[in-house]
Amino acid sequence: MATQHSARNLENTDGGLRRGMLGFMLPHEQFPIRALVAQGIAAEQAGFDLIAASDHFQPWQANEGHSTLAWLTLGSVGQQTQRIWLGPTVTCPTLRYHPAVVAEAFASLSQLCPGRIYLGLGSGEALNERAATGVWPDWEERSERLIEAAAIIRELWSGRDVHYDGKYYHVNGRLYDPPAAPIPILFAANGKKAMRRAGRFGDGLVTDPKTWKTHKAEFEQGARDAGKDPRAMPVLIEQYAVVGDEQAAREAAELWRFSPKGFLGYHNVTDPHEIQRLAEEEVPLEQVYADWSVGPRPDAHVESVAALFESGASIVNIHTGQPDQLKVLEFYGKKVLPELRAMRAGGSA
């Protein structure tokens, strides 16, 4: 039964990205921007605490069919909601975007939605960075650039004059409208070295269940190396979910077939058609949805979310590849969130 999980990790902390939040993914690869805005508004109405936006120049697979600018979606949703947190998982601030532009963009979003903005950062994918700029350095350089970019963003957010002369970036300027409230920076990680980097340089983490299970200790050690308490840092874990039977899961998996190998080689491929071709040849559909929450009843969905909270996740971000996102939002709002709230209340008693 879902209620057998301890609720100790569902307790809220004061302010910020609190423990026990449930998020909903706005997949910019799969839907046009008007639909994404409607989904974001519906997520708040359903009771979700957070929305996350993928930030791509191109979709991972050509059959996903879309790729609009996530920052515009976030701004629009923010102006039509009241409480939900908003941010990307993740923005790459190193090639396609300059870190100073990222700093200005999210400071501006914070002015529109004070106290509701977070920023997920990552080292990018070739389908975005090389496709848009022609530049795609090796992992070590991309990692160094990411660390430098995060430092620049934080400096600019201070509102002070910034004179930064780094290995890759040189900034001399000031943000005259700094963030209206602190913006946590979460580092994305899909491997051992990236997990340690996230702990050391991020305010928190964005990852997937498998990476979290395998390399959690690396994140925690990176945090301790930087003098931080990893238990106090938000951890956002993305969980794929399908409300329906196995056939519904297979249909959704066709659009996300790359995911088991997305960061095991496909991140170096520039063309979404080629990524789709490789995935269809190399990745069985059963492998894609093997670890997803799949079922027409709430039990399986409550169990998977509760287990992730129990493992130390602060935020579980639901990502569904189904065509009817509003149906999933309604299902979670009426049948999953109430059970999770009941677990939280029981743990707080």
# chains A, B, ... in the order shown; residues from 1 in each chain; ligands from 1
$ residues_around --residues "Leu26 (chain A)" --least-positions-apart "6" --cutoff "8 Å" --atoms "only C-alpha atoms" --output "list of chain:residue names"
A:Leu36, A:Gln39, A:Gly40, A:Ile51, A:Ala52, A:Ala53, A:Ser54, A:His319
$ write_last_selection --atoms "N, CA and C atoms" --output "compact mmCIF listing (two decimals), in the first residue's frame"
# COMPACT_ATOMS: atom_id res chain seq x y z
N LEU A 36 1.28 24.60 -23.96
CA LEU A 36 2.14 24.55 -22.78
C LEU A 36 1.70 25.56 -21.73
N GLN A 39 -1.28 24.20 -20.02
CA GLN A 39 -0.89 23.13 -19.10
C GLN A 39 -0.32 23.70 -17.80
N GLY A 40 0.51 24.75 -17.92
CA GLY A 40 1.09 25.35 -16.72
C GLY A 40 0.04 25.94 -15.81
N ILE A 51 6.22 24.00 -11.78
CA ILE A 51 6.31 23.52 -13.15
C ILE A 51 7.76 23.64 -13.60
N ALA A 52 8.14 22.73 -14.47
CA ALA A 52 9.49 22.72 -15.05
C ALA A 52 9.35 22.76 -16.57
N ALA A 53 10.23 23.51 -17.21
CA ALA A 53 10.19 23.64 -18.65
C ALA A 53 11.48 23.13 -19.26
N SER A 54 11.37 22.27 -20.26
CA SER A 54 12.55 21.91 -21.03
C SER A 54 12.92 23.10 -21.91
N HIS A 319 6.59 13.83 -15.45
CA HIS A 319 6.73 14.06 -16.89
C HIS A 319 5.95 12.96 -17.62
$ select_by_dssp --residues "region 31-263 of chain A" --states "helix (DSSP H, G or I)" --output "number ranges by chain"
A: 33-46, 62-64, 70-79, 99-112, 129-133, 139-157, 192-201, 209-225, 230-232, 246-256, 259-261
$ closest_atom_pairs --of "region 91-183 of chain A" --to "region 204-214 of chain A" --cutoff "12 Å" --atoms "only C-alpha atoms" --output "JSON lines"
{"residue": "A:Thr91", "atom": "CA", "partner": "A:Val206", "partner_atom": "CA", "distance": 11.5}
{"residue": "A:Tyr118", "atom": "CA", "partner": "A:Gly204", "partner_atom": "CA", "distance": 10.2}
{"residue": "A:Leu119", "atom": "CA", "partner": "A:Gly204", "partner_atom": "CA", "distance": 10.0}
{"residue": "A:Gly120", "atom": "CA", "partner": "A:Val206", "partner_atom": "CA", "distance": 7.1}
{"residue": "A:Leu121", "atom": "CA", "partner": "A:Val206", "partner_atom": "CA", "distance": 8.6}
{"residue": "A:Gly122", "atom": "CA", "partner": "A:Val206", "partner_atom": "CA", "distance": 9.1}
{"residue": "A:Ile183", "atom": "CA", "partner": "A:Gly204", "partner_atom": "CA", "distance": 11.2}
$ residues_around --residues "Ala126 (chain A)" --least-positions-apart "2" --cutoff "9 Å" --atoms "only C-alpha atoms" --output "list in words"
Gly124, Asn128, Glu129, Arg130, Ala131, Ala132, Val135, Trp136, Tyr266, His267, Asn268, Val269, Thr270 and Asp271 of chain A
$ closest_residue --among "A:Thr89, A:Thr94, A:Gln325, A:Thr320" --to "Ala252 (chain A)" --atoms "only C-alpha atoms"
A:Thr320
$ atom_distance --atom1 "CA of Arg145 (chain A)" --atom2 "CA of Leu50 (chain A)"
28.0 Å
$ closest_residue --among "A:Ala105, A:Val328, A:Leu127, A:Ala313" --to "Gln276 (chain A)" --atoms "only C-alpha atoms"
A:Leu127
$ atom_distance --atom1 "CA of Lys334 (chain A)" --atom2 "CA of Pro114 (chain A)"
28.4 Å
$ closest_residue --among "A:Ile33, A:Glu282, A:Glu303, A:Glu144" --to "Gly262 (chain A)" --atoms "only C-alpha atoms"
A:Glu282
$ select_by_dssp --residues "region 95-255 of chain A" --states "strand (DSSP E or B)" --output "list in words"
Ile117, Leu119, Gly120, Leu121, Val162, His163, Tyr164, Asp165, His170, Val171, Asn172, Gly173, Ile185, Leu186, Phe187, Ala188, Gly204, Leu205, Val206, Thr207, Val235, Leu236, Ile237, Glu238, Gln239, Tyr240, Ala241 and Val242 of chain A
$ residues_around --residues "Pro99 (chain A)" --least-positions-apart "3" --cutoff "9 Å" --atoms "only C-alpha atoms" --output "number ranges by chain"
A: 92-95, 102-104, 146, 148-150, 152-153, 169
$ closest_residue --among "A:Val243, A:Leu329, A:Val235, A:Val336" --to "Ala46 (chain A)" --atoms "only C-alpha atoms"
A:Leu329
$ closest_residue --among "A:Ala42, A:Val305, A:Ala62, A:Leu109" --to "Leu255 (chain A)" --atoms "only C-alpha atoms"
A:Ala62
